[in-house]
file run_9.csv (CSV, C-alpha atoms)
chain,number,residue,atom,x,y,z
A,1,MET,CA,194.3,129.5,137.4
A,2,SER,CA,192.2,132.3,136.2
A,3,ASN,CA,192.6,131.8,132.5
A,4,GLN,CA,192.9,128.0,132.8
A,5,ARG,CA,190.1,125.9,131.3
A,6,ILE,CA,189.2,122.2,131.9
A,7,ILE,CA,187.9,120.1,129.0
A,8,LEU,CA,186.3,116.8,129.7
A,9,LEU,CA,187.0,114.9,126.5
A,10,ALA,CA,184.7,112.1,125.4
A,11,HIS,CA,185.0,109.9,122.4
A,12,GLY,CA,181.8,111.0,120.6
A,13,SER,CA,179.3,109.1,118.5
A,14,SER,CA,176.6,109.8,115.9
A,15,ASP,CA,174.2,108.1,118.4
A,16,LYS,CA,172.6,110.8,120.5
A,17,ARG,CA,172.1,108.4,123.4
A,18,TRP,CA,175.9,108.0,123.7
A,19,CYS,CA,176.3,111.7,124.0
A,20,ASP,CA,173.5,112.0,126.5
A,21,THR,CA,175.2,109.5,128.7
A,22,PHE,CA,178.5,111.5,128.6
A,23,GLU,CA,176.7,114.7,129.2
A,24,ALA,CA,175.1,113.2,132.3
A,25,LEU,CA,178.6,111.9,133.4
A,26,ALA,CA,180.1,115.3,132.9
A,27,GLU,CA,177.3,117.3,134.6
A,28,PRO,CA,178.6,117.1,138.3
A,29,THR,CA,182.0,118.3,137.2
A,30,LEU,CA,180.6,121.1,135.0
A,31,GLN,CA,178.6,122.3,137.9
A,32,ALA,CA,181.5,122.1,140.4
A,33,VAL,CA,184.4,123.3,138.3
A,34,SER,CA,184.4,126.8,136.8
A,35,ASN,CA,185.6,127.2,133.3
A,36,SER,CA,185.0,123.5,132.5
A,37,SER,CA,183.3,122.1,129.4
A,38,ILE,CA,182.8,118.9,127.5
A,39,ALA,CA,184.2,118.2,124.1
A,40,TYR,CA,184.2,115.3,121.7
A,41,MET,CA,187.1,113.7,119.9
A,42,GLU,CA,185.0,112.8,116.9
A,43,LEU,CA,181.5,112.3,115.5
A,44,ALA,CA,179.8,114.8,117.9
A,45,GLU,CA,179.7,118.4,118.7
A,46,PRO,CA,181.3,120.4,120.3
A,47,SER,CA,184.6,119.2,118.9
A,48,LEU,CA,187.9,119.6,120.8
A,49,ASP,CA,188.9,122.0,118.1
A,50,ALA,CA,185.9,124.2,118.6
A,51,VAL,CA,186.2,124.3,122.4
A,52,ILE,CA,189.9,125.2,122.3
A,53,HIS,CA,189.4,127.9,119.7
A,54,GLU,CA,186.4,129.3,121.6
A,55,GLY,CA,188.5,129.4,124.8
A,56,VAL,CA,191.4,131.1,123.1
A,57,ALA,CA,189.0,133.7,121.6
A,58,ALA,CA,187.7,134.4,125.1
A,59,GLY,CA,191.3,134.9,126.4
A,60,ALA,CA,192.2,131.5,127.8
A,61,SER,CA,195.8,130.3,127.2
A,62,GLU,CA,196.0,127.2,129.3
A,63,PHE,CA,193.8,124.1,128.9
A,64,THR,CA,193.8,120.8,130.7
A,65,ILE,CA,192.1,117.9,129.0
A,66,VAL,CA,190.7,115.2,131.2
A,67,PRO,CA,189.8,112.2,129.1
A,68,LEU,CA,186.4,110.6,129.9
A,69,PHE,CA,187.9,107.2,129.0
A,70,LEU,CA,188.4,104.2,131.2
A,71,ALA,CA,191.8,103.4,129.8
A,72,ALA,CA,194.3,104.7,127.3
A,73,GLY,CA,194.2,103.1,123.9
A,74,ARG,CA,195.3,104.3,120.5
A,75,HIS,CA,193.1,107.4,120.7
A,76,LEU,CA,194.8,108.7,123.8
A,77,ARG,CA,198.3,107.6,123.0
A,78,LYS,CA,198.3,108.8,119.4
A,79,ASP,CA,195.3,110.6,118.0
A,80,VAL,CA,194.6,113.1,120.8
A,81,PRO,CA,198.3,114.0,121.3
A,82,ALA,CA,198.5,114.7,117.6
A,83,MET,CA,195.4,116.9,117.8
A,84,ILE,CA,196.9,118.8,120.7
A,85,GLU,CA,200.2,119.4,118.9
A,86,GLY,CA,198.3,120.9,116.0
A,87,LEU,CA,196.1,123.0,118.2
A,88,GLU,CA,199.1,124.3,120.3
A,89,ARG,CA,200.8,125.3,117.0
A,90,THR,CA,197.8,127.1,115.5
A,91,THR,CA,196.6,128.8,118.7
A,92,GLY,CA,199.7,129.3,120.8
A,93,ALA,CA,197.8,127.9,123.8
A,94,ARG,CA,199.3,125.4,126.3
A,95,ILE,CA,197.3,122.2,126.3
A,96,LYS,CA,198.0,119.5,128.9
A,97,LEU,CA,196.6,116.0,128.5
A,98,SER,CA,195.8,114.3,131.8
A,99,ALA,CA,195.5,110.6,132.4
A,100,PRO,CA,192.2,109.0,131.6
A,101,ILE,CA,189.7,109.0,134.5
A,102,GLY,CA,189.8,105.2,134.7
A,103,GLU,CA,193.4,105.3,135.8
A,104,ASN,CA,192.4,107.0,139.1
A,105,PRO,CA,191.6,104.5,141.9
A,106,LEU,CA,188.4,106.4,142.7
A,107,LEU,CA,186.8,105.0,139.6
A,108,GLY,CA,187.5,101.4,140.8
A,109,GLN,CA,185.8,102.2,144.1
A,110,ALA,CA,182.8,103.7,142.3
A,111,ILE,CA,182.5,100.6,140.1
A,112,LYS,CA,182.4,98.5,143.2
A,113,ASP,CA,179.6,100.6,144.6
A,114,VAL,CA,177.6,100.4,141.3
A,115,VAL,CA,177.9,96.6,141.3
A,116,ALA,CA,177.0,96.3,144.9
A,117,LEU,CA,173.9,98.5,144.3
A,118,GLN,CA,172.9,96.4,141.3
A,119,LEU,CA,173.2,93.2,143.3
A,120,ASP,CA,171.0,94.6,146.0
A,121,GLN,CA,168.4,95.5,143.4
A,122,SER,CA,168.5,92.1,141.8
A,123,THR,CA,167.9,90.3,145.1
A,124,ASP,CA,164.7,92.3,145.4
A,125,ASP,CA,163.3,90.8,142.2
B,1,MET,CA,172.2,83.9,144.6
B,2,SER,CA,174.4,81.0,145.4
B,3,ASN,CA,175.0,79.9,141.8
B,4,GLN,CA,174.9,83.4,140.5
B,5,ARG,CA,178.1,84.8,138.9
B,6,ILE,CA,179.0,88.4,138.2
B,7,ILE,CA,181.1,89.2,135.1
B,8,LEU,CA,182.7,92.6,134.7
B,9,LEU,CA,183.0,92.9,130.9
B,10,ALA,CA,185.7,95.1,129.4
B,11,HIS,CA,186.3,95.8,125.7
B,12,GLY,CA,189.8,94.3,125.5
B,13,SER,CA,192.8,95.2,123.5
B,14,SER,CA,196.0,93.7,122.3
B,15,ASP,CA,197.8,96.4,124.4
B,16,LYS,CA,198.7,94.9,127.8
B,17,ARG,CA,198.6,98.3,129.4
B,18,TRP,CA,194.9,98.6,128.5
B,19,CYS,CA,194.1,95.3,130.2
B,20,ASP,CA,196.2,96.3,133.2
B,21,THR,CA,194.1,99.4,133.7
B,22,PHE,CA,190.8,97.4,133.5
B,23,GLU,CA,192.2,94.8,135.9
B,24,ALA,CA,193.0,97.6,138.4
B,25,LEU,CA,189.5,99.1,137.9
B,26,ALA,CA,187.9,95.7,138.5
B,27,GLU,CA,190.0,94.8,141.6
B,28,PRO,CA,187.9,96.4,144.3
B,29,THR,CA,184.8,94.7,142.9
B,30,LEU,CA,186.5,91.3,142.6
B,31,GLN,CA,187.7,91.6,146.2
B,32,ALA,CA,184.2,92.7,147.5
B,33,VAL,CA,181.9,90.5,145.5
B,34,SER,CA,182.1,86.7,145.7
B,35,ASN,CA,181.8,84.8,142.4
B,36,SER,CA,182.8,87.8,140.3
B,37,SER,CA,185.4,87.9,137.6
B,38,ILE,CA,186.6,90.0,134.7
B,39,ALA,CA,186.1,89.0,131.0
B,40,TYR,CA,186.9,90.7,127.7
B,41,MET,CA,184.7,91.2,124.7
B,42,GLU,CA,187.5,90.8,122.3
B,43,LEU,CA,191.3,90.9,121.8
B,44,ALA,CA,192.2,89.8,125.3
B,45,GLU,CA,191.8,86.9,127.6
B,46,PRO,CA,189.8,85.6,129.4
B,47,SER,CA,187.0,85.9,126.8
B,48,LEU,CA,183.4,86.2,127.8
B,49,ASP,CA,182.9,82.8,126.2
B,50,ALA,CA,185.6,81.2,128.3
B,51,VAL,CA,184.3,82.7,131.6
B,52,ILE,CA,180.7,81.6,130.9
B,53,HIS,CA,181.7,78.1,130.0
B,54,GLU,CA,184.0,77.8,133.0
B,55,GLY,CA,181.2,79.0,135.3
B,56,VAL,CA,178.7,76.5,133.8
B,57,ALA,CA,181.2,73.7,134.1
B,58,ALA,CA,181.5,74.7,137.8
B,59,GLY,CA,177.7,74.5,138.3
B,60,ALA,CA,176.6,78.1,137.8
B,61,SER,CA,173.4,78.7,135.8
B,62,GLU,CA,172.9,82.5,136.2
B,63,PHE,CA,175.2,85.2,135.2
B,64,THR,CA,175.0,89.0,135.4
B,65,ILE,CA,177.2,90.9,133.0
B,66,VAL,CA,178.2,94.4,134.2
B,67,PRO,CA,179.8,96.3,131.3
B,68,LEU,CA,182.9,98.3,132.2
B,69,PHE,CA,181.9,100.8,129.6
B,70,LEU,CA,181.1,104.5,130.2
B,71,ALA,CA,178.2,104.4,127.6
B,72,ALA,CA,176.4,102.0,125.4
B,73,GLY,CA,177.4,102.0,121.8
B,74,ARG,CA,177.2,99.4,119.1
B,75,HIS,CA,179.1,96.9,121.1
B,76,LEU,CA,176.6,96.9,124.0
B,77,ARG,CA,173.5,97.4,121.8
B,78,LYS,CA,174.3,94.7,119.2
B,79,ASP,CA,177.5,92.7,119.6
B,80,VAL,CA,177.2,91.7,123.3
B,81,PRO,CA,173.5,90.8,123.1
B,82,ALA,CA,174.2,88.6,120.1
B,83,MET,CA,177.1,86.9,122.1
B,84,ILE,CA,174.7,86.4,125.0
B,85,GLU,CA,172.0,84.9,122.9
B,86,GLY,CA,174.5,82.4,121.5
B,87,LEU,CA,175.9,81.5,124.9
B,88,GLU,CA,172.4,81.0,126.4
B,89,ARG,CA,171.5,78.7,123.6
B,90,THR,CA,174.7,76.6,123.8
B,91,THR,CA,175.0,76.4,127.6
B,92,GLY,CA,171.4,76.7,128.9
B,93,ALA,CA,172.6,79.4,131.3
B,94,ARG,CA,170.5,82.6,132.0
B,95,ILE,CA,172.7,85.6,131.3
B,96,LYS,CA,171.5,89.1,132.2
B,97,LEU,CA,173.1,92.2,130.7
B,98,SER,CA,173.2,95.2,133.0
B,99,ALA,CA,173.5,98.8,132.0
B,100,PRO,CA,177.0,100.1,131.5
B,101,ILE,CA,178.6,101.4,134.7
B,102,GLY,CA,178.7,104.9,133.2
B,103,GLU,CA,174.9,105.2,133.3
B,104,ASN,CA,175.0,105.1,137.1
B,105,PRO,CA,175.1,108.6,138.6
B,106,LEU,CA,177.9,107.4,141.0
B,107,LEU,CA,180.3,107.5,138.1
B,108,GLY,CA,179.6,111.1,137.4
B,109,GLN,CA,180.3,111.9,141.1
B,110,ALA,CA,183.6,109.9,141.0
B,111,ILE,CA,184.6,111.8,137.8
B,112,LYS,CA,184.0,115.1,139.6
B,113,ASP,CA,186.2,113.9,142.5
B,114,VAL,CA,189.0,112.9,140.1
B,115,VAL,CA,188.9,116.3,138.3
B,116,ALA,CA,188.9,118.1,141.6
B,117,LEU,CA,192.0,116.1,142.8
B,118,GLN,CA,193.8,116.7,139.5
B,119,LEU,CA,193.2,120.5,139.9
B,120,ASP,CA,194.5,120.5,143.4
B,121,GLN,CA,197.7,118.7,142.2
B,122,SER,CA,198.2,121.1,139.3
B,123,THR,CA,198.0,124.1,141.5
B,124,ASP,CA,200.9,122.6,143.5
B,125,ASP,CA,203.1,122.7,140.4

call {"tool": "encode", "arguments": {"input": "run_9.csv", "output": "structure tokens"}}
result
Amino acid sequence: MSNQRIILLAHGSSDKRWCDTFEALAEPTLQAVSNSSIAYMELAEPSLDAVIHEGVAAGASEFTIVPLFLAAGRHLRKDVPAMIEGLERTTGARIKLSAPIGENPLLGQAIKDVVALQLDQSTDD
Amino acid sequence: MSNQRIILLAHGSSDKRWCDTFEALAEPTLQAVSNSSIAYMELAEPSLDAVIHEGVAAGASEFTIVPLFLAAGRHLRKDVPAMIEGLERTTGARIKLSAPIGENPLLGQAIKDVVALQLDQSTDD
């Protein structure tokens, strides 16, 4: 585990508010999990490429990417695996792609809690 | 509250696996919250348009849309508000757009729990 790194991968956007939301989403994980960081697939920094190269330069050889996506579409089925293949080839690192967070039942429970909270607030109006 | 309906709005995709994931994500909410349903912005059924018209036909006049999105991009800032404006005009319903679920801190906590679980599993390998 010592040279293992966790990368929370978000889609990215040129809109700073989009990235702010993902940084807030990642914050509890980044606080709790050592050697974890956020990276963006496209349109924002730091890129996945930069985070992997930085990790390898610091001595890491194993990475686990946890996609901050609710479901797997073309990006997670095609684009990210292709990026990983290229990065493994150029760096020699082992990079594992986890399922998107939305495939874990904990997310469905959290959504239920969010909706319940919003309904409580709306009845106070 | 009696004629209020909750719509969990997902992006939609022609890939059935994408929709299956969102249906699983929505399931705990649909079970817990009466008069709630899922709808898709595009590329999948039921559409937002269909769910609103169906609700209005059944006597509902107020809808709250909770976006099953981690962050607000162009879709939630432009496309969905435009759809809502058109639907309010044609149906007379009041349609409120909530913040995307990812803007609630509960999601960040759930993500931390998912990552912690995945790390536990990977150390068992």

call {"tool": "interface_residues", "arguments": {"input": "run_9.csv", "of": "chain A", "to": "chain B", "cutoff": "8 Å", "atoms": "all atoms listed in the file", "output": "mmCIF file with C-alpha atoms, in the frame of the given file"}}
result
data_model
loop_
_atom_site.group_PDB
_atom_site.id
_atom_site.type_symbol
_atom_site.label_atom_id
_atom_site.label_comp_id
_atom_site.auth_asym_id
_atom_site.auth_seq_id
_atom_site.Cartn_x
_atom_site.Cartn_y
_atom_site.Cartn_z
ATOM 1 C CA MET A 1 194.300 129.500 137.400
ATOM 2 C CA ASP A 15 174.200 108.100 118.400
ATOM 3 C CA ARG A 17 172.100 108.400 123.400
ATOM 4 C CA TRP A 18 175.900 108.000 123.700
ATOM 5 C CA THR A 21 175.200 109.500 128.700
ATOM 6 C CA PHE A 22 178.500 111.500 128.600
ATOM 7 C CA ALA A 24 175.100 113.200 132.300
ATOM 8 C CA LEU A 25 178.600 111.900 133.400
ATOM 9 C CA ALA A 26 180.100 115.300 132.900
ATOM 10 C CA GLU A 27 177.300 117.300 134.600
ATOM 11 C CA PRO A 28 178.600 117.100 138.300
ATOM 12 C CA THR A 29 182.000 118.300 137.200
ATOM 13 C CA ALA A 32 181.500 122.100 140.400
ATOM 14 C CA VAL A 33 184.400 123.300 138.300
ATOM 15 C CA VAL A 66 190.700 115.200 131.200
ATOM 16 C CA PHE A 69 187.900 107.200 129.000
ATOM 17 C CA LEU A 70 188.400 104.200 131.200
ATOM 18 C CA ALA A 71 191.800 103.400 129.800
ATOM 19 C CA ALA A 72 194.300 104.700 127.300
ATOM 20 C CA GLY A 73 194.200 103.100 123.900
ATOM 21 C CA ILE A 101 189.700 109.000 134.500
ATOM 22 C CA GLY A 102 189.800 105.200 134.700
ATOM 23 C CA GLU A 103 193.400 105.300 135.800
ATOM 24 C CA ASN A 104 192.400 107.000 139.100
ATOM 25 C CA PRO A 105 191.600 104.500 141.900
ATOM 26 C CA LEU A 106 188.400 106.400 142.700
ATOM 27 C CA LEU A 107 186.800 105.000 139.600
ATOM 28 C CA GLY A 108 187.500 101.400 140.800
ATOM 29 C CA GLN A 109 185.800 102.200 144.100
ATOM 30 C CA ALA A 110 182.800 103.700 142.300
ATOM 31 C CA ILE A 111 182.500 100.600 140.100
ATOM 32 C CA LYS A 112 182.400 98.500 143.200
ATOM 33 C CA ASP A 113 179.600 100.600 144.600
ATOM 34 C CA VAL A 114 177.600 100.400 141.300
ATOM 35 C CA VAL A 115 177.900 96.600 141.300
ATOM 36 C CA ALA A 116 177.000 96.300 144.900
ATOM 37 C CA THR A 123 167.900 90.300 145.100
#

call {"tool": "residues_around", "arguments": {"input": "run_9.csv", "residues": "Thr91 (chain B)", "least_positions_apart": "5", "cutoff": "9 Å", "atoms": "only C-alpha atoms", "output": "PyMOL selection string"}}
result
chain B and resi 52-53+56+61+86

call {"tool": "atom_distance", "arguments": {"input": "run_9.csv", "atom1": "CA of Ile84 (chain A)", "atom2": "CA of Asp49 (chain A)"}}
result
9.0 Å

call {"tool": "residues_around", "arguments": {"input": "run_9.csv", "residues": "His75 (chain A)", "least_positions_apart": "5", "cutoff": "9 Å", "atoms": "all atoms listed in the file", "output": "PyMOL selection string"}}
result
chain A and resi 11+41+80-81

call {"tool": "write_last_selection", "arguments": {"input": "run_9.csv", "atoms": "C-alpha atoms", "output": "PDB file, in the frame of the given file"}}
result
ATOM      1  CA  HIS A  11     185.000 109.900 122.400  1.00  0.00           C
ATOM      2  CA  MET A  41     187.100 113.700 119.900  1.00  0.00           C
ATOM      3  CA  VAL A  80     194.600 113.100 120.800  1.00  0.00           C
ATOM      4  CA  PRO A  81     198.300 114.000 121.300  1.00  0.00           C
TER       5      PRO A  81
END

call {"tool": "closest_residue", "arguments": {"input": "run_9.csv", "among": "B:Glu88, B:Ala82, B:Leu97, B:Ser37", "to": "Pro67 (chain B)", "atoms": "only C-alpha atoms"}}
result
B:Leu97

call {"tool": "atom_distance", "arguments": {"input": "run_9.csv", "atom1": "CA of Glu54 (chain B)", "atom2": "CA of Lys78 (chain B)"}}
result
23.9 Å

call {"tool": "atom_distance", "arguments": {"input": "run_9.csv", "atom1": "CA of Ala44 (chain B)", "atom2": "CA of Leu9 (chain B)"}}
result
11.2 Å

call {"tool": "decode", "arguments": {"input": "run_9.csv", "residues": "region 3-14 of chain A", "atoms": "N, CA and C atoms", "output": "PDB file, in the first residue's frame"}}
result
ATOM      1  N   ASN A   3       3.331   2.602  -1.667  1.00  0.00           N
ATOM      2  CA  ASN A   3       3.545   3.428  -2.859  1.00  0.00           C
ATOM      3  C   ASN A   3       2.315   3.470  -3.760  1.00  0.00           C
ATOM      4  N   GLN A   4       1.165   3.159  -3.155  1.00  0.00           N
ATOM      5  CA  GLN A   4      -0.104   3.196  -3.893  1.00  0.00           C
ATOM      6  C   GLN A   4      -0.711   4.588  -3.800  1.00  0.00           C
ATOM      7  N   ARG A   5      -1.227   5.067  -4.903  1.00  0.00           N
ATOM      8  CA  ARG A   5      -1.892   6.376  -4.897  1.00  0.00           C
ATOM      9  C   ARG A   5      -3.331   6.253  -5.399  1.00  0.00           C
ATOM     10  N   ILE A   6      -4.189   7.056  -4.833  1.00  0.00           N
ATOM     11  CA  ILE A   6      -5.605   7.076  -5.224  1.00  0.00           C
ATOM     12  C   ILE A   6      -5.871   8.372  -5.981  1.00  0.00           C
ATOM     13  N   ILE A   7      -6.475   8.243  -7.138  1.00  0.00           N
ATOM     14  CA  ILE A   7      -6.808   9.437  -7.920  1.00  0.00           C
ATOM     15  C   ILE A   7      -8.318   9.507  -8.110  1.00  0.00           C
ATOM     16  N   LEU A   8      -8.918  10.574  -7.617  1.00  0.00           N
ATOM     17  CA  LEU A   8     -10.342  10.815  -7.848  1.00  0.00           C
ATOM     18  C   LEU A   8     -10.451  11.555  -9.177  1.00  0.00           C
ATOM     19  N   LEU A   9     -11.023  10.870 -10.163  1.00  0.00           N
ATOM     20  CA  LEU A   9     -11.038  11.433 -11.519  1.00  0.00           C
ATOM     21  C   LEU A   9     -12.393  12.064 -11.829  1.00  0.00           C
ATOM     22  N   ALA A  10     -12.380  13.362 -12.077  1.00  0.00           N
ATOM     23  CA  ALA A  10     -13.607  14.071 -12.468  1.00  0.00           C
ATOM     24  C   ALA A  10     -13.528  14.408 -13.953  1.00  0.00           C
ATOM     25  N   HIS A  11     -14.660  14.752 -14.527  1.00  0.00           N
ATOM     26  CA  HIS A  11     -14.665  15.038 -15.971  1.00  0.00           C
ATOM     27  C   HIS A  11     -13.861  16.273 -16.318  1.00  0.00           C
ATOM     28  N   GLY A  12     -14.119  17.369 -15.588  1.00  0.00           N
ATOM     29  CA  GLY A  12     -13.451  18.633 -15.914  1.00  0.00           C
ATOM     30  C   GLY A  12     -14.320  19.515 -16.778  1.00  0.00           C
ATOM     31  N   SER A  13     -14.067  20.815 -16.688  1.00  0.00           N
ATOM     32  CA  SER A  13     -14.826  21.816 -17.432  1.00  0.00           C
ATOM     33  C   SER A  13     -14.024  23.096 -17.415  1.00  0.00           C
ATOM     34  N   SER A  14     -14.276  23.951 -18.400  1.00  0.00           N
ATOM     35  CA  SER A  14     -13.627  25.263 -18.399  1.00  0.00           C
ATOM     36  C   SER A  14     -14.323  26.203 -17.404  1.00  0.00           C
TER      37      SER A  14
END
